[in-house]
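Text of structure.txt (compact mmCIF, C-alpha atoms and all ligand atoms) as supplied:
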# COMPACT_ATOMS: atom_id res chain seq x y z
CA MET I 1 139.22 127.28 116.73
CA ASN I 2 136.85 128.50 119.35
CA GLN I 3 133.21 127.59 119.33
CA LYS I 4 132.04 130.49 117.15
CA GLU I 5 134.58 129.74 114.48
CA LEU I 6 133.74 126.08 114.70
CA ILE I 7 130.04 126.74 114.12
CA GLU I 8 130.94 128.96 111.14
CA TYR I 9 133.22 126.26 109.82
CA ILE I 10 130.54 123.59 110.01
CA LYS I 11 127.96 125.88 108.40
CA ASN I 12 130.26 126.72 105.53
CA ASN I 13 131.45 123.23 104.85
CA PHE I 14 128.31 121.22 105.37
CA LYS I 15 125.51 122.72 103.31
CA GLY I 16 121.95 122.94 104.47
CA ILE I 17 122.50 123.05 108.21
CA GLU I 18 120.45 125.69 109.97
CA ASN I 19 119.70 124.19 113.30
CA ILE I 20 122.96 124.67 115.08
CA LYS I 21 122.85 126.13 118.56
CA SER I 22 125.32 126.95 121.27
CA ILE I 23 124.42 125.54 124.71
CA ASP I 24 127.28 126.95 126.70
CA GLU I 25 130.89 127.73 125.98
CA LYS I 26 131.89 124.08 125.86
CA GLN I 27 128.82 122.55 124.25
CA PHE I 28 126.75 123.02 121.14
CA SER I 29 124.14 121.02 119.30
CA ILE I 30 123.10 120.24 115.74
CA THR I 31 119.77 118.88 114.57
CA VAL I 32 119.66 117.13 111.20
CA GLN I 33 117.24 115.01 109.22
CA LYS I 34 117.44 111.29 109.70
CA GLU I 35 118.73 110.70 106.15
CA ARG I 36 121.79 112.88 106.63
CA ILE I 37 122.97 111.43 109.91
CA ILE I 38 125.78 109.33 108.44
CA ASN I 39 126.97 112.23 106.29
CA ILE I 40 127.15 114.68 109.14
CA LEU I 41 128.78 112.21 111.51
CA SER I 42 131.47 111.21 109.05
CA PHE I 43 132.07 114.88 108.24
CA LEU I 44 132.45 115.64 111.95
CA LYS I 45 134.70 112.70 112.53
CA LEU I 46 136.99 114.02 109.82
CA SER I 47 136.90 117.50 111.37
CA ASN I 48 138.46 116.27 114.57
CA PHE I 49 135.44 115.19 116.57
CA LYS I 50 137.12 111.84 117.02
CA GLU I 51 135.33 110.46 120.04
CA LEU I 52 131.83 109.08 120.13
CA ALA I 53 130.93 109.45 123.79
CA LEU I 54 127.38 108.13 123.80
CA ILE I 55 124.33 107.20 121.78
CA THR I 56 121.02 107.55 123.52
CA ALA I 57 117.40 108.37 122.78
CA VAL I 58 114.46 110.39 124.08
CA ASP I 59 110.88 109.32 123.68
CA TRP I 60 108.58 112.25 122.79
CA ILE I 61 105.29 110.47 123.11
CA LYS I 62 103.01 113.46 122.41
CA GLU I 63 104.84 114.42 119.23
CA GLU I 64 104.92 110.74 118.16
CA LYS I 65 108.67 111.03 117.65
CA ILE I 66 111.79 109.48 119.04
CA GLU I 67 114.87 111.63 119.25
CA VAL I 68 118.18 109.86 118.71
CA VAL I 69 121.12 111.63 120.28
CA TYR I 70 124.80 111.21 119.42
CA ILE I 71 127.30 112.88 121.69
CA LEU I 72 130.70 113.59 120.20
CA PHE I 73 133.77 115.03 121.79
CA SER I 74 136.79 116.75 120.39
CA TYR I 75 140.03 116.79 122.32
CA GLU I 76 141.50 119.32 119.98
CA TYR I 77 138.82 122.00 120.36
CA GLU I 78 137.71 120.86 123.83
CA GLN I 79 134.13 120.96 122.69
CA GLN I 80 131.21 118.63 123.17
CA LEU I 81 128.87 118.33 120.25
CA ILE I 82 125.36 116.91 120.47
CA VAL I 83 123.93 115.68 117.19
CA LYS I 84 120.20 115.00 117.23
CA THR I 85 117.75 113.57 114.81
CA TYR I 86 114.07 112.68 114.98
CA ILE I 87 112.58 109.41 113.80
CA ASP I 88 109.09 107.99 113.60
CA ARG I 89 107.82 106.47 116.84
CA GLN I 90 105.69 103.71 115.35
CA GLU I 91 108.43 102.11 113.30
CA PRO I 92 111.63 103.50 114.75
CA SER I 93 114.59 102.71 112.58
CA ILE I 94 117.78 104.47 111.61
CA GLU I 95 120.99 103.66 109.81
CA SER I 96 123.67 102.11 112.02
CA ILE I 97 126.96 103.96 112.40
CA LYS I 98 129.02 100.98 113.43
CA ASN I 99 131.31 101.43 110.44
CA LEU I 100 132.29 104.89 111.64
CA TRP I 101 132.93 104.01 115.25
CA GLU I 102 133.12 100.39 116.25
CA ILE I 103 131.98 101.12 119.79
CA ALA I 104 128.63 102.14 118.34
CA THR I 105 127.77 98.42 118.12
CA MET I 106 127.47 98.33 121.89
CA TYR I 107 125.61 101.62 122.23
CA GLU I 108 123.16 100.64 119.54
CA ARG I 109 122.57 97.30 121.16
CA ASP I 110 121.79 99.11 124.40
CA VAL I 111 119.46 101.65 122.78
CA HIS I 112 117.74 98.87 120.90
CA GLU I 113 117.09 97.05 124.15
CA PHE I 114 115.75 100.04 126.05
CA PHE I 115 113.90 101.94 123.29
CA GLY I 116 113.22 99.30 120.66
CA ILE I 117 114.94 101.27 117.91
CA ASP I 118 116.04 99.21 114.94
CA PHE I 119 119.53 100.10 113.75
CA ILE I 120 119.75 99.04 110.13
CA GLY I 121 123.02 97.25 109.53
CA ASN I 122 123.67 96.33 113.14
CA ASP I 123 122.51 92.77 113.58
CA ASP I 124 123.63 92.34 117.14
CA LYS I 125 120.31 92.49 118.95
CA ARG I 126 121.09 90.21 121.86
CA PRO I 127 119.87 91.51 125.21
CA LEU I 128 122.59 93.29 127.12
CA ILE I 129 121.32 94.33 130.53
CA LEU I 130 117.77 93.16 131.15
CA HIS I 131 116.99 89.65 132.34
CA ASN I 132 114.50 87.65 130.29
CA TRP I 133 112.58 90.67 129.01
CA LYS I 134 109.27 90.02 127.24
CA ASP I 135 107.43 93.35 127.50
CA ILE I 136 107.71 96.59 125.55
CA PRO I 137 111.06 98.33 125.95
CA PRO I 138 111.21 99.82 129.45
CA LEU I 139 112.30 103.36 128.66
CA ARG I 140 109.39 104.05 126.33
CA LYS I 141 107.10 106.57 127.95
CA ASP I 142 104.03 104.35 127.69
CA PHE I 143 105.68 101.64 129.79
CA ASP I 144 104.11 101.60 133.27
CA SER I 145 106.97 100.80 135.60
CA LEU I 146 104.95 100.79 138.84
CA LYS I 147 102.37 98.42 137.45
CA TYR I 148 105.13 96.19 136.12
CA SER I 149 106.83 96.12 139.50
CA ASN I 150 103.58 95.39 141.33
CA THR I 151 102.69 92.62 138.91
CA ILE I 152 105.94 90.73 138.96
CA PHE I 153 107.37 91.48 142.41
CA GLY I 154 104.15 92.02 144.33
CA LYS I 155 103.06 94.99 146.37
CA PHE I 156 104.54 95.21 149.82
CA LYS I 157 102.37 93.43 152.36
CA LYS I 158 103.01 92.76 156.00
CA ASP I 159 104.28 89.31 156.78
CA LYS I 160 101.71 86.91 158.12
CA GLU I 161 104.19 84.91 160.12
CA MET M 162 100.62 80.04 149.57
CA GLU M 163 99.43 76.63 150.68
CA LEU M 164 102.86 75.32 149.76
CA TYR M 165 104.25 77.15 152.75
CA SER M 166 104.14 74.87 155.79
CA THR M 167 103.17 76.37 159.11
CA LYS M 168 105.32 73.96 161.07
CA LYS M 169 107.19 75.69 163.88
CA LEU M 170 110.90 75.17 163.43
CA LYS M 171 113.36 75.48 166.26
CA ASP M 172 116.77 74.08 167.13
CA GLU M 173 116.57 71.72 170.05
CA GLY M 174 118.65 69.26 172.02
CA PHE M 175 122.16 68.64 170.80
CA GLU M 176 121.83 71.41 168.23
CA GLN M 177 121.63 73.91 171.03
CA ILE M 178 125.02 72.91 172.32
CA LEU M 179 126.44 73.28 168.83
CA ASN M 180 124.73 76.64 168.49
CA PHE M 181 126.58 77.89 171.54
CA PHE M 182 129.83 77.42 169.64
CA ARG M 183 128.53 78.43 166.23
CA LYS M 184 127.47 81.86 167.35
CA LYS M 185 131.03 82.70 168.45
CA SER M 186 132.58 82.07 165.11
CA LEU M 187 130.65 83.53 162.22
CA TRP M 188 132.32 83.85 158.86
CA MET M 189 130.64 86.40 156.72
CA LEU M 190 130.26 86.47 152.97
CA HIS M 191 129.13 89.87 151.80
CA TYR M 192 127.38 90.20 148.50
CA CYS M 193 128.03 93.83 147.73
CA THR M 194 125.17 94.96 145.59
CA GLY M 195 123.74 98.39 145.94
CA CYS M 196 124.96 101.27 147.99
CA GLY M 197 125.22 99.43 151.29
CA ALA M 198 128.67 98.06 150.77
CA VAL M 199 130.29 101.35 151.76
CA GLU M 200 129.31 100.82 155.39
CA LEU M 201 131.12 97.51 155.60
CA PRO M 202 134.77 98.56 155.45
CA PRO M 203 134.44 100.72 158.61
CA THR M 204 132.51 97.91 160.28
CA MET M 205 135.22 95.40 159.48
CA THR M 206 138.29 97.52 160.10
CA SER M 207 139.71 99.22 163.16
CA ARG M 208 137.05 101.90 163.64
CA TRP M 209 134.27 99.52 164.64
CA ASP M 210 136.29 96.32 164.54
CA MET M 211 133.92 93.50 163.81
CA GLU M 212 136.56 90.94 164.71
CA ARG M 213 136.04 91.42 168.43
CA PHE M 214 132.78 89.49 168.01
CA GLY M 215 134.60 86.60 166.45
CA MET M 216 133.41 87.49 162.99
CA GLY M 217 135.50 87.74 159.89
CA PRO M 218 135.07 88.15 156.16
CA MET M 219 135.25 85.03 154.02
CA ALA M 220 135.99 84.89 150.34
CA THR M 221 134.04 81.87 149.17
CA PRO M 222 130.47 80.73 149.79
CA ARG M 223 131.36 77.18 150.71
CA GLN M 224 133.27 78.23 153.80
CA ALA M 225 130.92 80.99 154.92
CA ASP M 226 128.16 80.85 157.53
CA LEU M 227 126.55 84.19 157.01
CA LEU M 228 125.41 85.82 153.80
CA LEU M 229 125.10 89.57 153.92
CA ILE M 230 122.97 91.21 151.25
CA THR M 231 123.96 94.84 151.25
CA GLY M 232 121.24 96.63 149.35
CA TYR M 233 118.99 96.42 146.36
CA LEU M 234 119.01 93.38 144.12
CA SER M 235 118.24 93.44 140.45
CA LEU M 236 116.89 90.32 138.81
CA LYS M 237 120.30 89.45 137.47
CA SER M 238 121.96 89.70 140.85
CA LEU M 239 119.09 87.85 142.51
CA LYS M 240 119.95 84.87 140.36
CA ARG M 241 123.56 85.00 141.55
CA VAL M 242 122.46 85.40 145.16
CA ILE M 243 120.38 82.25 144.91
CA TYR M 244 123.32 80.34 143.44
CA THR M 245 125.54 81.63 146.22
CA TYR M 246 123.05 80.80 148.92
CA GLU M 247 122.59 77.27 147.65
CA GLN M 248 126.33 76.71 147.57
CA MET M 249 126.72 77.53 151.23
CA GLN M 250 126.84 74.68 153.72
CA ASN M 251 124.34 74.27 156.52
CA PRO M 252 123.96 75.89 158.95
CA LYS M 253 123.75 79.23 157.18
CA TRP M 254 122.13 82.56 157.89
CA VAL M 255 121.11 85.56 155.85
CA ILE M 256 121.09 89.20 156.91
CA ALA M 257 119.53 91.80 154.64
CA LEU M 258 120.81 95.33 155.01
CA GLY M 259 118.81 98.41 154.19
CA SER M 260 115.22 98.99 153.24
CA CYS M 261 115.59 97.85 149.66
CA PRO M 262 115.49 94.09 150.38
CA ILE M 263 112.54 94.64 152.73
CA ASN M 264 110.06 96.43 150.48
CA GLY M 265 111.94 97.85 147.54
CA GLY M 266 112.93 101.07 149.27
CA ILE M 267 113.30 103.92 146.83
CA TYR M 268 113.25 101.37 144.02
CA TYR M 269 109.69 100.24 144.80
CA ASP M 270 108.57 101.04 141.24
CA SER M 271 111.63 99.86 139.37
CA TYR M 272 111.21 97.32 136.61
CA SER M 273 114.37 95.46 137.43
CA VAL M 274 114.79 95.63 141.21
CA ILE M 275 112.99 93.08 143.37
CA ASN M 276 110.77 94.32 146.16
CA ARG M 277 111.02 91.70 148.84
CA LEU M 278 113.98 89.41 149.28
CA ALA M 279 112.30 87.13 151.82
CA LEU M 280 110.12 85.70 149.04
CA TYR M 281 113.10 84.14 147.30
CA ILE M 282 115.49 83.13 150.05
CA PRO M 283 114.83 82.96 153.80
CA VAL M 284 116.06 86.08 155.60
CA ASP M 285 116.89 85.66 159.28
CA LEU M 286 117.30 89.29 160.08
CA SER M 287 116.63 92.57 158.31
CA ILE M 288 118.31 95.78 159.39
CA GLU M 289 116.34 98.76 158.20
CA GLY M 290 117.74 102.12 157.27
CA CYS M 291 119.00 103.67 154.10
CA MET M 292 121.85 102.90 154.73
CA PRO M 293 122.17 101.46 158.28
CA ARG M 294 125.19 102.82 160.10
CA PRO M 295 127.92 100.48 161.36
CA GLU M 296 126.46 100.68 164.88
CA ALA M 297 123.16 99.37 163.56
CA ILE M 298 124.91 96.63 161.62
CA ILE M 299 126.81 95.52 164.72
CA GLU M 300 123.62 95.56 166.77
CA GLY M 301 122.12 93.37 164.11
CA PHE M 302 125.01 90.94 164.37
CA ILE M 303 124.57 90.70 168.12
CA LYS M 304 120.86 90.10 167.68
CA LEU M 305 121.59 87.32 165.22
CA MET M 306 123.96 85.73 167.72
CA LYS M 307 121.20 85.78 170.32
CA GLN M 308 118.79 84.26 167.84
CA ILE M 309 121.27 81.52 167.10
CA GLU M 310 121.77 80.82 170.77
CA ASN M 311 118.03 80.59 171.34
CA GLY M 312 117.67 78.30 168.36
CA GLU M 313 115.44 80.73 166.49
CA ALA M 314 117.64 81.43 163.49
CA VAL M 315 116.42 78.57 161.37
CA GLY M 316 116.16 80.14 157.94
CA TYR M 317 118.03 77.31 156.26
CA LYS M 318 115.61 74.78 157.72
CA LYS M 319 112.71 76.82 156.44
CA TYR M 320 114.32 76.76 153.02
CA GLN M 321 114.53 72.96 153.09
CA GLU M 322 111.02 72.57 154.45
CA ASN M 323 109.41 74.98 151.99
CA TYR M 324 111.71 74.53 149.06
CA LYS M 325 108.81 74.22 146.62
CA TRP M 326 107.37 77.54 147.70
CA TYR M 327 110.67 79.35 147.38
CA LYS M 328 111.39 77.70 144.06
CA GLN M 329 108.00 78.73 142.74
CA ASN M 330 108.63 82.34 143.74
CA GLN M 331 112.08 82.32 142.19
CA ASP M 332 110.80 80.90 138.94
CA SER M 333 107.90 83.33 138.81
CA VAL M 334 110.32 86.24 138.42
CA LEU M 335 113.29 84.61 136.72
CA LYS M 336 111.63 82.32 134.20
CA ARG M 337 108.76 84.28 132.70
CA GLU M 338 107.47 83.17 129.35
CA PHE M 339 104.83 85.83 128.74
CA PRO M 340 104.86 89.61 128.95
CA VAL M 341 104.40 90.68 132.54
CA LEU M 342 101.99 93.54 131.90
CA SER M 343 99.36 91.22 130.49
CA GLY M 344 99.07 89.58 133.94
CA GLU M 345 97.21 90.57 137.10
CA GLU M 346 98.61 92.87 139.77
CA LYS M 347 99.56 90.87 142.83
S1 LIG I 401 118.37 100.86 151.28
FE1 LIG I 401 119.13 102.84 150.56
S2 LIG I 401 121.37 102.68 150.77
FE2 LIG I 401 120.53 100.60 150.82
S3 LIG I 401 120.59 99.86 148.73
FE3 LIG I 401 118.57 100.73 149.05
S4 LIG I 401 118.75 102.84 148.36
FE4 LIG I 401 120.84 102.08 148.65
Give the structure from this file in C-alpha cells form.
Ligand code: SF4
Amino acid sequence: MNQKELIEYIKNNFKGIENIKSIDEKQFSITVQKERIINILSFLKLSNFKELALITAVDWIKEEKIEVVYILFSYEYEQQLIVKTYIDRQEPSIESIKNLWEIATMYERDVHEFFGIDFIGNDDKRPLILHNWKDIPPLRKDFDSLKYSNTIFGKFKKDKE
Amino acid sequence: MELYSTKKLKDEGFEQILNFFRKKSLWMLHYCTGCGAVELPPTMTSRWDMERFGMGPMATPRQADLLLITGYLSLKSLKRVIYTYEQMQNPKWVIALGSCPINGGIYYDSYSVINRLALYIPVDLSIEGCMPRPEAIIEGFIKLMKQIENGEAVGYKKYQENYKWYKQNQDSVLKREFPVLSGEEK
C-alpha cells in the first residue's frame, strides 16, 4: 500500500476520523480525541504499524492545551505516522499505553518528568534524567530557564582573586 | 564568601624540588563530558603526540595527577566529577577545557548545566574556546607545567584550605530541598 491507499484504508476501517493529513511522501499525521487514543493505537498496531518510535509532548500555553504526540513506524509500508491528541493543560492526564508497547513505560516516565503529564495506569514516576528536581517541569512554557540558571548557578561574575 | 580564606598558597622549599620532577610526568584522566572530547584523540595520538611532553592517559583516578574536564557539566556529571576529584591523590591538578566550565558558554541559560566549575572544585587552568584546538590544549599543558615548576599550581591545597566553602557550594546545587525559583537570583 502506498500512502494514499493507506489513508483510505484507515478512514474506511476506523470510523469517525477526519483529521488525517499527509506531511510528505513518507509521513502523515492523525489527530484524535483523547478518549480514542488507545483504540486508534491498537488498531494501527494491528495494521502493521508495529514500532512505537517516540512519545513526546508540546505545550501550547496560549490555547491552554498540551499536545501528546505518538510517533509510529511501519517497516512494511515504510511510512511514519504521527498520532496527536490534545489534553487539558491544568490537569494533564491521559491513559497509559504500556500494555500495547512495553517500551512506552520509559517514554511515559520521561514525558511525565519533563511535562508533568499523568499517565493513568503507569505508576512508574521515578525521576529519570533530572537531578533532585523540585520545581515545575522544565519543558513547560511558563518555566523560566534563565532565571532558574541564574538563581541556582549564579550569574557569571569576574573572579575577585 | 567569608569562608574563603585569603591566605596566599605557594609551594616552597623541598616541594619545589619535587615539583621539578612532577611536571615531567603527568598522567592525565580525562572526564569526557560534552563536545570537547573529540579534540583529545588527535592530541594524544601521532598527529600532535602528547607523549613527547611526558604525558599519558590514565584509566583510574587514583593513579592520575591531572583531571581534564572536557566541556559542559550537567548536575549529574558534576556529582561524578567531585567523586573523581576526591579520589585522586595529592598532588593533583584540574584543567577545564572550553568556555562551558568558565561561564556556561552556550548553555548559560540551561536548567541542568552548571555555569562555573571553579565554584565547586578548584581549577588550575582554563583553556577558552569552543572547542579549543589541540594546539591550544598543548599550550595549556605547557603553561600548567610552568605553573607547577613555579609552585603556583596549588589548587588541591586551596581545596583543603577552603573545603567548607567548596562543600557549601556543592551542596547548594546538589542538595536542594526547596524549589529553586522561589529563591533570589544570585
Ligand atoms: S565550550 Fe563549546 S565545544 Fe566545549 S562543551 Fe561547551 S559548547 Fe561544547
How many Å separate CA of Glu95 (chain I) from CA of Ile38 (chain I)?
-> 7.5 Å
Would you mind listing the residues within 12 Å of ligand LIG 401 (chain I), counting only C-alpha atoms and all ligand atoms, as a PyMOL selection string?
-> chain M and resi 192-200+230-235+257-269+271+274-277+287-294
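Straight-line separation from CA of Asn2 (chain I) to CA of Tyr77 (chain I): 6.9 Å.
Remark: residues at most 12 Å from position (122.2, 124.1, 107.3) in file coordinates are I:Ile7, I:Glu8, I:Tyr9, I:Ile10, I:Lys11, I:Asn12, I:Asn13, I:Phe14, I:Lys15, I:Gly16, I:Ile17, I:Glu18, I:Asn19, I:Ile20, I:Lys21, I:Ile30, I:Thr31, I:Val32, I:Gln33, I:Arg36, I:Ile40, using all atoms listed in the file.
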Counting only C-alpha atoms, which of I:His112, I:Lys26, I:Lys4, I:Lys141 gets nearest to Glu63 (chain I)?
-> I:Lys141
Residues of chain I near chain M: apply a cut-off of 10 Å, count all atoms listed in the file, and supply the list as a PyMOL selection string.
-> chain I and resi 129-136+138+143-159+161
Neighbours of point (110.0, 109.4, 121.1) within 9 Å, using all atoms listed in the file, written as a ChimeraX atom specification = /I:57-68,86-89,92,115,140-141
What does the file look like for those residues with C-alpha atoms, as a short mmCIF file (atom, residue, chain, number, x, y, z; two decimals), in the coordinates of the input?
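Result went into out.cif, see below:
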data_model
loop_
_atom_site.label_atom_id
_atom_site.label_comp_id
_atom_site.auth_asym_id
_atom_site.auth_seq_id
_atom_site.Cartn_x
_atom_site.Cartn_y
_atom_site.Cartn_z
CA ALA I 57 117.40 108.37 122.78
CA VAL I 58 114.46 110.39 124.08
CA ASP I 59 110.88 109.32 123.68
CA TRP I 60 108.58 112.25 122.79
CA ILE I 61 105.29 110.47 123.11
CA LYS I 62 103.01 113.46 122.41
CA GLU I 63 104.84 114.42 119.23
CA GLU I 64 104.92 110.74 118.16
CA LYS I 65 108.67 111.03 117.65
CA ILE I 66 111.79 109.48 119.04
CA GLU I 67 114.87 111.63 119.25
CA VAL I 68 118.18 109.86 118.71
CA TYR I 86 114.07 112.68 114.98
CA ILE I 87 112.58 109.41 113.80
CA ASP I 88 109.09 107.99 113.60
CA ARG I 89 107.82 106.47 116.84
CA PRO I 92 111.63 103.50 114.75
CA PHE I 115 113.90 101.94 123.29
CA ARG I 140 109.39 104.05 126.33
CA LYS I 141 107.10 106.57 127.95
#
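For the pair CA of Asp226 (chain M) and CA of Glu296 (chain M), the separation is 21.2 Å.
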Out of I:Asp123, I:Glu5, I:Glu113, I:Glu78, which residue has the shortest atom-to-atom distance to Thr56 (chain I) when counting only C-alpha atoms?
-> I:Glu113
Shell of 10 Å around Lys325 (chain M), only C-alpha atoms, local chain residues under 6 positions omitted, as a PyMOL selection string | chain M and resi 164-165+331
One residue among I:Ile55, I:Ile94, I:Leu72, I:Ile23 is nearest to Leu41 (chain I) when using all atoms listed in the file, and that residue is I:Leu72
From the coordinates I just gave you, please extract region 309-338 of chain M so that only C-alpha atoms remain, then output it as a PDB file, in the first residue's frame.
ATOM      1  CA  ILE M 309      53.892  23.619  38.618  1.00  0.00           C
ATOM      2  CA  GLU M 310      57.554  24.477  38.369  1.00  0.00           C
ATOM      3  CA  ASN M 311      56.960  27.917  39.850  1.00  0.00           C
ATOM      4  CA  GLY M 312      54.905  26.407  42.634  1.00  0.00           C
ATOM      5  CA  GLU M 313      51.755  28.259  41.605  1.00  0.00           C
ATOM      6  CA  ALA M 314      49.548  25.317  40.726  1.00  0.00           C
ATOM      7  CA  VAL M 315      48.161  24.759  44.181  1.00  0.00           C
ATOM      8  CA  GLY M 316      44.516  24.026  43.503  1.00  0.00           C
ATOM      9  CA  TYR M 317      44.491  20.952  45.713  1.00  0.00           C
ATOM     10  CA  LYS M 318      45.842  22.970  48.629  1.00  0.00           C
ATOM     11  CA  LYS M 319      43.135  25.547  48.082  1.00  0.00           C
ATOM     12  CA  TYR M 320      40.602  22.742  48.198  1.00  0.00           C
ATOM     13  CA  GLN M 321      41.922  21.564  51.563  1.00  0.00           C
ATOM     14  CA  GLU M 322      42.163  25.070  52.959  1.00  0.00           C
ATOM     15  CA  ASN M 323      38.692  26.141  51.831  1.00  0.00           C
ATOM     16  CA  TYR M 324      36.935  22.829  51.946  1.00  0.00           C
ATOM     17  CA  LYS M 325      33.938  24.304  53.767  1.00  0.00           C
ATOM     18  CA  TRP M 326      33.406  26.898  51.071  1.00  0.00           C
ATOM     19  CA  TYR M 327      33.581  24.363  48.273  1.00  0.00           C
ATOM     20  CA  LYS M 328      31.357  21.952  50.134  1.00  0.00           C
ATOM     21  CA  GLN M 329      28.781  24.665  50.703  1.00  0.00           C
ATOM     22  CA  ASN M 330      28.737  25.493  47.002  1.00  0.00           C
ATOM     23  CA  GLN M 331      28.442  21.849  46.037  1.00  0.00           C
ATOM     24  CA  ASP M 332      25.579  21.275  48.427  1.00  0.00           C
ATOM     25  CA  SER M 333      23.780  24.409  47.305  1.00  0.00           C
ATOM     26  CA  VAL M 334      23.280  22.918  43.846  1.00  0.00           C
ATOM     27  CA  LEU M 335      23.207  19.196  44.558  1.00  0.00           C
ATOM     28  CA  LYS M 336      21.155  19.019  47.730  1.00  0.00           C
ATOM     29  CA  ARG M 337      18.286  21.455  47.299  1.00  0.00           C
ATOM     30  CA  GLU M 338      15.235  20.935  49.417  1.00  0.00           C
TER      31      GLU M 338
END
